[in-house]
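Everything below belongs to protein-v3.txt, which stores compact mmCIF, C-alpha atoms.
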# COMPACT_ATOMS: atom_id res chain seq x y z
CA MET A 1 9.40 -33.59 8.97
CA LYS A 2 12.61 -35.21 10.28
CA THR A 3 11.97 -33.85 13.78
CA ARG A 4 8.37 -35.05 13.71
CA ILE A 5 9.42 -38.52 12.64
CA LYS A 6 12.01 -38.66 15.44
CA HIS A 7 9.27 -37.75 17.92
CA ALA A 8 7.03 -40.40 16.40
CA LEU A 9 9.73 -43.03 16.88
CA LEU A 10 9.90 -42.15 20.57
CA LEU A 11 6.11 -42.37 20.80
CA MET A 12 6.15 -45.83 19.24
CA MET A 13 7.98 -47.24 22.25
CA THR A 14 5.06 -46.27 24.50
CA VAL A 15 2.26 -47.80 22.38
CA PRO A 16 2.34 -51.57 22.96
CA PHE A 17 -0.74 -52.64 20.99
CA ILE A 18 0.33 -52.27 17.40
CA LEU A 19 3.67 -50.55 17.13
CA VAL A 20 6.94 -52.26 17.91
CA SER A 21 10.20 -50.79 19.11
CA CYS A 22 13.08 -50.02 16.78
CA GLN A 23 15.02 -53.14 17.70
CA LYS A 24 16.54 -55.10 14.84
CA ASN A 25 14.98 -58.38 13.77
CA GLU A 26 16.06 -61.32 11.67
CA TYR A 27 14.99 -59.60 8.45
CA ASN A 28 16.23 -56.07 9.05
CA ASP A 29 19.92 -56.99 9.07
CA LYS A 30 19.84 -58.68 5.68
CA PRO A 31 21.77 -56.92 2.88
CA GLU A 32 18.65 -56.49 0.75
CA ALA A 33 17.23 -54.13 3.36
CA THR A 34 19.80 -51.51 2.38
CA ALA A 35 20.00 -52.05 -1.39
CA PRO A 36 17.13 -50.82 -3.58
CA ALA A 37 15.01 -53.61 -5.04
CA ALA A 38 15.04 -53.94 -8.82
CA GLY A 39 12.12 -53.45 -11.17
CA GLN A 40 10.22 -50.75 -9.27
CA LEU A 41 8.68 -49.20 -12.38
CA LYS A 42 5.67 -46.93 -12.25
CA THR A 43 2.47 -47.74 -14.11
CA ASP A 44 1.01 -44.38 -15.13
CA LEU A 45 -2.50 -45.72 -15.57
CA VAL A 46 -4.81 -43.75 -17.83
CA TYR A 47 -7.51 -43.79 -15.18
CA CYS A 48 -11.27 -43.35 -15.34
CA GLY A 49 -13.25 -41.04 -13.08
CA THR A 50 -11.56 -39.81 -9.90
CA PRO A 51 -8.75 -41.74 -8.14
CA LEU A 52 -8.99 -42.23 -4.39
CA VAL A 53 -5.96 -40.66 -2.68
CA ALA A 54 -5.42 -41.02 1.08
CA PRO A 55 -2.48 -40.03 3.31
CA MET A 56 -0.63 -42.85 5.07
CA VAL A 57 -0.10 -41.98 8.73
CA ASN A 58 1.53 -43.36 11.85
CA TYR A 59 -0.44 -44.68 14.83
CA ALA A 60 -0.68 -41.27 16.48
CA GLN A 61 -1.68 -39.67 13.16
CA SER A 62 0.94 -37.01 13.81
CA ILE A 63 2.78 -37.40 10.49
CA ALA A 64 1.82 -38.38 6.94
CA PRO A 65 5.02 -39.29 5.07
CA ALA A 66 3.29 -41.19 2.25
CA THR A 67 0.10 -41.54 0.22
CA VAL A 68 -1.86 -44.47 -1.14
CA THR A 69 -3.75 -44.05 -4.42
CA VAL A 70 -6.45 -46.39 -5.73
CA MET A 71 -7.55 -46.03 -9.37
CA ASN A 72 -8.80 -48.02 -12.32
CA ASP A 73 -9.01 -47.93 -16.08
CA ALA A 74 -11.46 -50.04 -18.07
CA THR A 75 -9.72 -53.33 -17.27
CA ASN A 76 -7.34 -53.02 -14.30
CA LEU A 77 -7.17 -51.76 -10.73
CA LEU A 78 -3.95 -50.04 -9.63
CA VAL A 79 -2.92 -49.35 -6.02
CA LYS A 80 0.28 -47.38 -5.50
CA PHE A 81 2.26 -46.28 -2.44
CA GLU A 82 4.34 -43.11 -2.75
CA LEU A 83 6.74 -42.09 0.03
CA SER A 84 7.75 -38.42 0.11
CA GLU A 85 10.03 -38.28 3.16
CA PRO A 86 13.77 -37.98 2.26
CA GLY A 87 16.07 -40.47 3.96
CA TRP A 88 13.38 -43.16 4.32
CA PHE A 89 12.40 -46.11 2.14
CA ILE A 90 9.51 -48.54 1.92
CA ASN A 91 10.71 -51.65 3.75
CA LEU A 92 7.60 -53.87 3.67
CA PRO A 93 4.37 -53.03 1.77
CA ALA A 94 1.17 -55.07 2.13
CA LEU A 95 -2.45 -54.90 0.97
CA PHE A 96 -5.86 -56.42 1.26
CA ILE A 97 -8.28 -55.96 -1.65
CA GLY A 98 -11.68 -57.65 -1.54
CA THR A 99 -15.17 -57.64 -0.10
CA PRO A 100 -15.90 -56.61 3.50
CA GLY A 101 -16.84 -60.23 4.20
CA GLN A 102 -13.47 -61.44 2.94
CA LEU A 103 -11.74 -58.83 5.10
CA ALA A 104 -13.65 -59.88 8.20
CA ALA A 105 -12.75 -63.52 7.48
CA LEU A 106 -8.99 -62.90 7.64
CA PRO A 107 -7.47 -64.73 10.63
CA GLY A 108 -6.92 -62.49 13.64
CA VAL A 109 -8.85 -59.53 12.21
CA THR A 110 -11.69 -57.57 13.81
CA VAL A 111 -13.45 -55.00 11.62
CA ASP A 112 -15.72 -52.20 12.82
CA PHE A 113 -18.06 -51.76 9.87
CA ASN A 114 -20.35 -49.43 11.83
CA GLY A 115 -17.59 -47.14 13.06
CA PRO A 116 -14.89 -45.07 11.38
CA ASN A 117 -13.64 -47.79 9.00
CA THR A 118 -11.33 -49.30 11.59
CA VAL A 119 -9.55 -52.65 11.45
CA TYR A 120 -7.98 -54.30 14.51
CA PHE A 121 -5.30 -56.95 14.17
CA ASN A 122 -4.63 -59.51 16.89
CA SER A 123 -1.12 -60.03 15.55
CA THR A 124 1.67 -57.58 16.33
CA SER A 125 3.93 -58.93 13.58
CA ALA A 126 4.06 -57.15 10.23
CA PRO A 127 2.42 -57.49 7.77
CA PHE A 128 -0.44 -58.55 10.10
CA GLY A 129 -1.83 -61.25 7.83
CA LEU A 130 -2.48 -58.95 4.86
CA PRO A 131 -2.34 -61.31 1.87
CA ILE A 132 -0.97 -59.11 -0.95
CA GLY A 133 2.63 -57.96 -1.10
CA PRO A 134 6.20 -59.12 -1.70
CA GLY A 135 6.29 -60.88 1.68
CA ASN A 136 9.87 -59.96 2.50
CA TYR A 137 11.77 -56.99 3.89
CA ALA A 138 13.79 -55.10 1.27
CA ASN A 139 14.50 -51.60 0.06
CA TYR A 140 11.56 -50.84 -2.25
CA GLY A 141 12.60 -47.21 -2.63
CA ASN A 142 9.92 -44.53 -2.40
CA TYR A 143 7.38 -46.27 -4.65
CA TRP A 144 5.52 -49.58 -4.72
CA GLU A 145 2.50 -50.62 -6.74
CA TYR A 146 0.10 -53.52 -7.24
CA SER A 147 -2.21 -54.12 -10.19
CA MET A 148 -4.97 -56.68 -10.74
CA PRO A 149 -7.81 -57.25 -13.24
CA LEU A 150 -11.11 -55.56 -12.42
CA SER A 151 -12.82 -58.76 -13.53
CA ASP A 152 -11.61 -60.35 -10.26
CA LEU A 153 -13.44 -57.74 -8.15
CA PRO A 154 -17.04 -56.72 -7.39
CA GLU A 155 -18.39 -53.27 -8.19
CA CYS A 156 -17.38 -51.94 -4.75
CA PHE A 157 -14.80 -53.38 -2.36
CA ALA A 158 -12.50 -52.67 0.58
CA VAL A 159 -8.79 -51.81 0.48
CA VAL A 160 -6.42 -52.02 3.47
CA ALA A 161 -3.03 -50.39 2.79
CA TYR A 162 -0.03 -50.85 5.09
CA ALA A 163 3.69 -50.13 4.82
CA ARG A 164 6.68 -50.32 7.11
CA ILE A 165 9.09 -47.52 6.27
CA ARG A 166 12.69 -47.45 7.44
CA ASN A 167 15.31 -44.75 7.95
CA ILE A 168 18.46 -45.28 5.89
CA ASP A 169 20.82 -43.81 8.51
CA THR A 170 19.36 -44.93 11.85
CA ASN A 171 17.58 -48.16 10.78
CA GLY A 172 14.57 -46.95 12.81
CA PHE A 173 11.16 -47.73 11.35
CA LEU A 174 7.52 -46.69 11.38
CA ASP A 175 4.36 -48.62 10.57
CA ILE A 176 1.98 -46.47 8.52
CA TRP A 177 -1.56 -46.96 7.25
CA GLY A 178 -3.94 -45.03 5.06
CA LYS A 179 -5.52 -42.35 7.22
CA SER A 180 -8.09 -43.44 9.77
CA PRO A 181 -10.41 -41.09 11.69
CA SER A 182 -9.34 -42.64 14.99
CA LYS A 183 -6.28 -44.23 16.53
CA THR A 184 -6.41 -47.87 15.52
CA SER A 185 -4.15 -50.60 14.31
CA GLY A 186 -5.36 -50.11 10.76
CA TYR A 187 -8.25 -49.04 8.62
CA TYR A 188 -9.98 -49.87 5.38
CA LEU A 189 -10.93 -47.74 2.39
CA ASN A 190 -14.14 -48.18 0.47
CA TYR A 191 -13.63 -47.99 -3.28
CA CYS A 192 -16.09 -48.39 -6.14
CA ARG A 193 -14.76 -48.87 -9.64
CA GLN A 194 -14.95 -45.68 -11.65
CA GLU A 195 -17.00 -45.67 -14.83
CA CYS A 196 -15.05 -45.23 -18.04
CA PRO A 197 -16.56 -43.21 -20.89
CA PRO A 198 -17.31 -45.16 -24.07
CA PRO A 199 -14.15 -45.41 -26.19
CA PRO A 200 -14.08 -43.19 -29.26
CA PRO A 201 -14.47 -45.09 -32.54
CA LEU A 202 -11.36 -45.54 -34.63
CA GLY A 203 -13.29 -45.35 -37.87
CA GLY A 204 -12.10 -48.80 -38.89
CA CYS A 205 -8.74 -50.37 -37.97
CA GLU A 206 -5.55 -48.75 -36.66
CA THR A 207 -1.99 -49.73 -35.80
CA ALA A 208 -1.43 -49.80 -32.04
CA TYR A 209 1.66 -50.17 -29.84
CA ALA A 210 2.25 -50.64 -26.13
CA PHE A 211 3.74 -47.53 -24.53
CA GLY A 212 6.03 -48.41 -21.61
CA GLU A 213 6.00 -44.98 -20.00
CA SER A 214 9.44 -44.32 -18.45
CA VAL A 215 11.07 -47.22 -20.34
CA ALA A 216 9.52 -46.45 -23.76
CA ASN A 217 11.99 -45.91 -26.63
CA CYS A 218 10.39 -44.37 -29.72
CA PHE A 219 11.53 -46.17 -32.87
CA ILE A 220 12.30 -42.85 -34.57
CA SER A 221 14.86 -41.89 -31.91
CA ILE A 222 16.69 -45.25 -31.65
CA PRO A 223 20.21 -44.98 -33.14
CA GLY A 224 20.62 -47.20 -36.17
CA VAL A 225 16.92 -47.29 -37.09
CA GLN A 226 16.44 -46.31 -40.73
CA SER A 227 12.67 -46.11 -40.83
CA ASN A 228 9.95 -43.56 -40.17
CA ASN A 229 7.65 -46.13 -38.56
CA TRP A 230 6.32 -45.00 -35.21
CA GLY A 231 6.07 -47.28 -32.18
CA TRP A 232 7.99 -48.14 -29.03
CA SER A 233 10.46 -50.70 -27.78
CA ASN A 234 10.05 -50.85 -24.01
CA GLY A 235 12.98 -51.61 -21.74
CA PRO A 236 15.34 -52.69 -20.56
CA ILE A 237 13.29 -54.36 -17.82
CA GLY A 238 14.24 -57.02 -15.31
CA ALA A 239 12.11 -59.72 -13.74
CA GLY A 240 8.73 -58.42 -12.59
CA ASN A 241 5.16 -57.63 -13.57
CA TYR A 242 4.44 -54.66 -15.83
CA SER A 243 1.30 -53.04 -17.20
CA TRP A 244 1.40 -50.50 -20.04
CA PRO A 245 -1.26 -48.64 -22.03
CA MET A 246 -1.74 -49.41 -25.72
CA TYR A 247 -2.21 -46.48 -28.10
CA ALA A 248 -3.63 -46.59 -31.62
CA GLY A 249 -2.88 -44.00 -34.28
CA ALA A 250 -0.18 -42.22 -32.23
CA GLY A 251 1.90 -41.13 -35.24
CA GLN A 252 5.42 -39.86 -34.50
CA CYS A 253 5.00 -41.46 -31.02
CA ASN A 254 2.72 -38.59 -29.98
CA ILE A 255 0.22 -40.17 -27.58
CA GLY A 256 -1.72 -36.90 -27.56
CA ASN A 257 -2.79 -37.73 -31.12
CA GLY A 258 -3.51 -41.37 -30.33
CA THR A 259 -6.39 -43.31 -28.79
CA HIS A 260 -5.96 -45.37 -25.64
CA VAL A 261 -7.37 -48.72 -26.74
CA GLY A 262 -6.19 -51.24 -24.16
CA THR A 263 -3.46 -52.60 -21.91
CA LEU A 264 -0.40 -54.79 -22.37
CA THR A 265 0.76 -56.83 -19.37
CA VAL A 266 4.18 -58.46 -19.11
CA ASN A 267 4.96 -61.08 -16.47
CA TYR A 268 8.69 -61.76 -16.71
CA THR A 269 10.14 -64.54 -14.59
CA PRO A 270 13.31 -65.71 -16.34
CA PRO A 271 13.48 -67.73 -18.48
CA THR A 272 9.81 -67.05 -19.37
CA ALA A 273 7.80 -63.95 -20.25
CA ILE A 274 4.01 -64.05 -20.53
CA VAL A 275 2.72 -61.12 -22.60
CA THR A 276 -1.01 -60.37 -22.84
CA TYR A 277 -2.80 -57.84 -25.04
CA THR A 278 -6.25 -56.74 -23.79
CA VAL A 279 -8.44 -54.15 -25.54
CA PHE A 280 -11.30 -52.17 -24.05
CA ASP A 281 -14.97 -52.77 -24.76
CA GLY A 282 -15.78 -51.43 -28.21
CA TYR A 283 -12.53 -52.65 -29.79
CA VAL A 284 -11.21 -55.98 -31.08
CA LEU A 285 -7.82 -57.39 -32.05
CA ASN A 286 -7.26 -58.58 -35.61
CA GLU A 287 -3.48 -59.14 -35.53
CA THR A 288 -0.65 -59.08 -32.98
CA HIS A 289 3.12 -58.95 -33.59
CA LEU A 290 5.61 -59.18 -30.74
CA PHE A 291 9.34 -58.86 -30.15
CA VAL A 292 10.92 -59.87 -26.83
CA GLY A 293 14.70 -60.04 -26.53
CA ASN A 294 17.91 -58.65 -25.08
CA ASP A 295 18.46 -56.24 -27.97
CA ILE A 296 16.30 -53.15 -28.37
CA LEU A 297 14.74 -54.40 -31.64
CA PRO A 298 14.94 -57.41 -33.93
CA LYS A 299 17.45 -57.31 -36.77
CA LYS A 300 17.27 -58.17 -40.44
CA LYS A 301 20.57 -58.37 -42.30
CA ASN A 302 22.31 -56.97 -39.19
CA LYS A 303 20.13 -53.85 -39.17
CA TYR A 304 17.33 -52.97 -36.78
CA THR A 305 13.88 -53.42 -38.23
CA THR A 306 10.65 -51.80 -37.05
CA ALA A 307 8.43 -53.65 -39.52
CA PRO A 308 5.89 -55.62 -37.43
CA GLY A 309 5.94 -58.41 -39.99
CA GLN A 310 9.60 -58.99 -39.07
CA PHE A 311 8.82 -59.45 -35.37
CA PRO A 312 9.47 -63.09 -34.42
CA TYR A 313 6.18 -63.80 -32.63
CA LYS A 314 2.87 -63.16 -34.38
CA HIS A 315 -0.79 -64.13 -34.40
CA GLY A 316 -2.72 -63.29 -37.55
CA ASN A 317 -6.40 -63.62 -38.41
CA LEU A 318 -7.54 -63.34 -34.81
CA ASN A 319 -11.09 -62.72 -36.00
CA GLY A 320 -11.99 -60.03 -33.51
CA VAL A 321 -10.83 -61.31 -30.11
CA THR A 322 -10.46 -58.94 -27.16
CA SER A 323 -7.39 -60.60 -25.61
CA ASP A 324 -4.32 -62.42 -26.92
CA THR A 325 -1.43 -64.02 -25.01
CA PHE A 326 2.12 -65.08 -25.92
CA THR A 327 4.40 -67.26 -23.77
CA ILE A 328 8.05 -66.68 -24.66
CA ASN A 329 10.71 -69.05 -23.27
CA GLY A 330 14.50 -69.11 -23.27
CA LEU A 331 14.97 -65.57 -21.95
CA SER A 332 17.61 -64.25 -19.56
CA GLY A 333 18.83 -60.93 -18.20
CA ASN A 334 17.17 -57.62 -18.99
CA ILE A 335 14.82 -57.61 -21.96
CA TYR A 336 13.00 -55.27 -24.34
CA VAL A 337 9.37 -55.65 -25.45
CA ALA A 338 7.93 -54.20 -28.66
CA ALA A 339 4.23 -55.05 -28.93
CA HIS A 340 2.32 -54.18 -32.11
CA SER A 341 -1.32 -54.90 -32.87
CA VAL A 342 -4.03 -54.08 -35.36
CA VAL A 343 -7.03 -52.83 -33.38
CA CYS A 344 -10.45 -52.33 -34.96
CA ASP A 345 -13.85 -51.03 -33.96
CA GLU A 346 -16.05 -53.85 -32.78

Go through the file and emit its structure as structure tokens.
Amino acid sequence: MKTRIKHALLLMMTVPFILVSCQKNEYNDKPEATAPAAGQLKTDLVYCGTPLVAPMVNYAQSIAPATVTVMNDATNLLVKFELSEPGWFINLPALFIGTPGQLAALPGVTVDFNGPNTVYFNSTSAPFGLPIGPGNYANYGNYWEYSMPLSDLPECFAVVAYARIRNIDTNGFLDIWGKSPSKTSGYYLNYCRQECPPPPPLGGCETAYAFGESVANCFISIPGVQSNNWGWSNGPIGAGNYSWPMYAGAGQCNIGNGTHVGTLTVNYTPPTAIVTYTVFDGYVLNETHLFVGNDILPKKKNKYTTAPGQFPYKHGNLNGVTSDTFTINGLSGNIYVAAHSVVCDE
């Protein structure tokens, strides 16, 4: 693959329309372009139906060093970029997600809706007017993701996925897009939200916790915890947006025995964290208990406690809502989030 990418870099110099030469620009020399960006956590969405996976290719479609995946659960859409080429990193990711009409209305964009899903950009400057993304050059490692509520989208919509990738050693770069059937400056994917099967009944009410995937710490395995309560403290996490599944009845922290009942989102911009519980259709929230802090768990008499009633933030008697939000102020540094709820059949 290294040889093919070197050849592709040479080819880029001969294609004036969309690709630019490997000269440095005002962003590329900044220190953040060589240091990995913080908070690049993966959201392992428990998806419905079949995800859409497409290779991301260069202009000549001679190499495919990355993939873009589009998927949804019952409440959220997730788009993720995954780069597989060693020695390269994602330098600038960008997206469009919306209706074909909204895509065609972007400034400087021409869309061929009757042809092979092609998009032409009048601009030659990345990210070509695509509205979603961090907006700055940095080292985003080999993974970048974006999540948004399905409620903001129609049943079917278009996705344009772009990334500039950069070589760590040479500083050379490539612009890549999800695969198009023809050579073009970009392309769009058609995606329709996947239907989710009806959630299984809980048979009443169950304890549920947010499971933070790679940052989840099971209560039972945390040193100093003297309780057999199951659940997770998730962290440490830095500033960023996070989305984690909520599981009910997952005794001993075994999600295989639990039921996926909803999603917890955390938007952490120090000094404030906004934490939102959302359950799927068929379930309701009766209580929520939340801990957010720099320690892994709250303490009572200088000992860690896993009792939800001891968590500092709580909403009781919710009377069957489907969403509940906490706004926590006064935070700094890396934090942990332990999010308990009582989830019931509707």

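Reported to one decimal place, the separation of CA of His289 (chain A) from CA of Leu77 (chain A) is 26.1 Å.
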
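Residues within 7 Å of Thr265 (chain A), counting all atoms listed in the file and excluding same-chain residues fewer than 5 positions away, are Tyr242, Ser243, Trp244, Val275, Thr276 and Tyr277 of chain A.
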
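Interatomic distance, CA of Leu264 (chain A) to CA of Phe211 (chain A): 8.6 Å.
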
Selection: 12 Å around Leu153 (chain A), all atoms listed in the file, excl. self and same-chain fewer than 2 positions, as a PDB file with C-alpha atoms, in the frame of the given file:
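Result file follows (result_23.pdb):
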ATOM      1  CA  ASN A  72      -8.800 -48.020 -12.320  1.00  0.00           C
ATOM      2  CA  THR A  75      -9.720 -53.330 -17.270  1.00  0.00           C
ATOM      3  CA  ASN A  76      -7.340 -53.020 -14.300  1.00  0.00           C
ATOM      4  CA  LEU A  77      -7.170 -51.760 -10.730  1.00  0.00           C
ATOM      5  CA  ILE A  97      -8.280 -55.960  -1.650  1.00  0.00           C
ATOM      6  CA  GLY A  98     -11.680 -57.650  -1.540  1.00  0.00           C
ATOM      7  CA  THR A  99     -15.170 -57.640  -0.100  1.00  0.00           C
ATOM      8  CA  PRO A 100     -15.900 -56.610   3.500  1.00  0.00           C
ATOM      9  CA  GLN A 102     -13.470 -61.440   2.940  1.00  0.00           C
ATOM     10  CA  SER A 147      -2.210 -54.120 -10.190  1.00  0.00           C
ATOM     11  CA  MET A 148      -4.970 -56.680 -10.740  1.00  0.00           C
ATOM     12  CA  PRO A 149      -7.810 -57.250 -13.240  1.00  0.00           C
ATOM     13  CA  LEU A 150     -11.110 -55.560 -12.420  1.00  0.00           C
ATOM     14  CA  SER A 151     -12.820 -58.760 -13.530  1.00  0.00           C
ATOM     15  CA  GLU A 155     -18.390 -53.270  -8.190  1.00  0.00           C
ATOM     16  CA  CYS A 156     -17.380 -51.940  -4.750  1.00  0.00           C
ATOM     17  CA  PHE A 157     -14.800 -53.380  -2.360  1.00  0.00           C
ATOM     18  CA  ALA A 158     -12.500 -52.670   0.580  1.00  0.00           C
ATOM     19  CA  VAL A 159      -8.790 -51.810   0.480  1.00  0.00           C
ATOM     20  CA  TYR A 191     -13.630 -47.990  -3.280  1.00  0.00           C
ATOM     21  CA  CYS A 192     -16.090 -48.390  -6.140  1.00  0.00           C
ATOM     22  CA  ARG A 193     -14.760 -48.870  -9.640  1.00  0.00           C
TER      23      ARG A 193
END

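Nearest to Tyr304 (chain A) of all the residues A:Ala248, A:Ile328, A:Ile220, A:Val70 is A:Ile220, counting only C-alpha atoms.
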
**Request:** Write out as a PyMOL selection string which residues come within 7 Å of Tyr143 (chain A) when counting all atoms listed in the file, dropping same-chain ones fewer than 5 positions away.
**Result:** chain A and resi 81-83

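Nearest to Glu206 (chain A) of all the residues A:Ala250, A:Ala74, A:Ile296, A:Cys344 is A:Cys344, based on all atoms listed in the file.
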
**Complete:** Expressed in Å, the length from CA of Val279 (chain A) to CA of Tyr247 (chain A) is 10.2 Å

Work out where the centre of an axis-aligned box around every listed atom of region 312-324 of chain A lies and how long its edges are once 5 Å is added on each side; give both in Å to one decimal as AutoDock Vina command-line options.
--center_x -1.3 --center_y -61.5 --center_z -32.0 --size_x 31.5 --size_y 15.2 --size_z 22.8

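Among the candidates A:Val160, A:Cys253, A:Cys218, A:Val119, the one nearest to Gly133 (chain A) when counting all atoms listed in the file is A:Val160.
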
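If only C-alpha atoms are the atoms counted, then among A:Gly238, A:Gly231, A:Pro127, A:Gly316 the closest residue to Trp177 (chain A) is A:Pro127.
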
**Message:** as a VMD selection string, please: the residues near Asp73 (chain A) (cut-off 7 Å, all atoms listed in the file, same-chain neighbours under 3 positions excluded).
**Reply:** chain A and resid 45 to 48 76 to 77 196

Given the selection you just returned, output its residues as a file containing C-alpha atoms, formatted as a PDB file, keeping the file's coordinate frame.
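Below you can see out_17.pdb, which holds the result:
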ATOM      1  CA  LEU A  45      -2.500 -45.720 -15.570  1.00  0.00           C
ATOM      2  CA  VAL A  46      -4.810 -43.750 -17.830  1.00  0.00           C
ATOM      3  CA  TYR A  47      -7.510 -43.790 -15.180  1.00  0.00           C
ATOM      4  CA  CYS A  48     -11.270 -43.350 -15.340  1.00  0.00           C
ATOM      5  CA  ASN A  76      -7.340 -53.020 -14.300  1.00  0.00           C
ATOM      6  CA  LEU A  77      -7.170 -51.760 -10.730  1.00  0.00           C
ATOM      7  CA  CYS A 196     -15.050 -45.230 -18.040  1.00  0.00           C
TER       8      CYS A 196
END

**Request:** Within 12 Å of Tyr209 (chain A), counting only C-alpha atoms, which residues show up once you throw out same-chain ones fewer than 2 positions away? Write them as number ranges by chain, please.
**Result:** A: 206-207, 211-213, 216-219, 229-234, 244-255, 258-264, 277-279, 287-291, 306, 308, 337-343

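Distances to Pro86 (chain A) were evaluated for A:Asn142, A:Asn267, A:Thr272, A:Gln226 using all atoms listed in the file, and the minimum falls at A:Asn142.
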
**Nearest to Asn241 (chain A) by atom-to-atom distance, counting only C-alpha atoms, from A:Asn228, A:Asn58, A:Thr269, A:Thr110** = A:Thr269
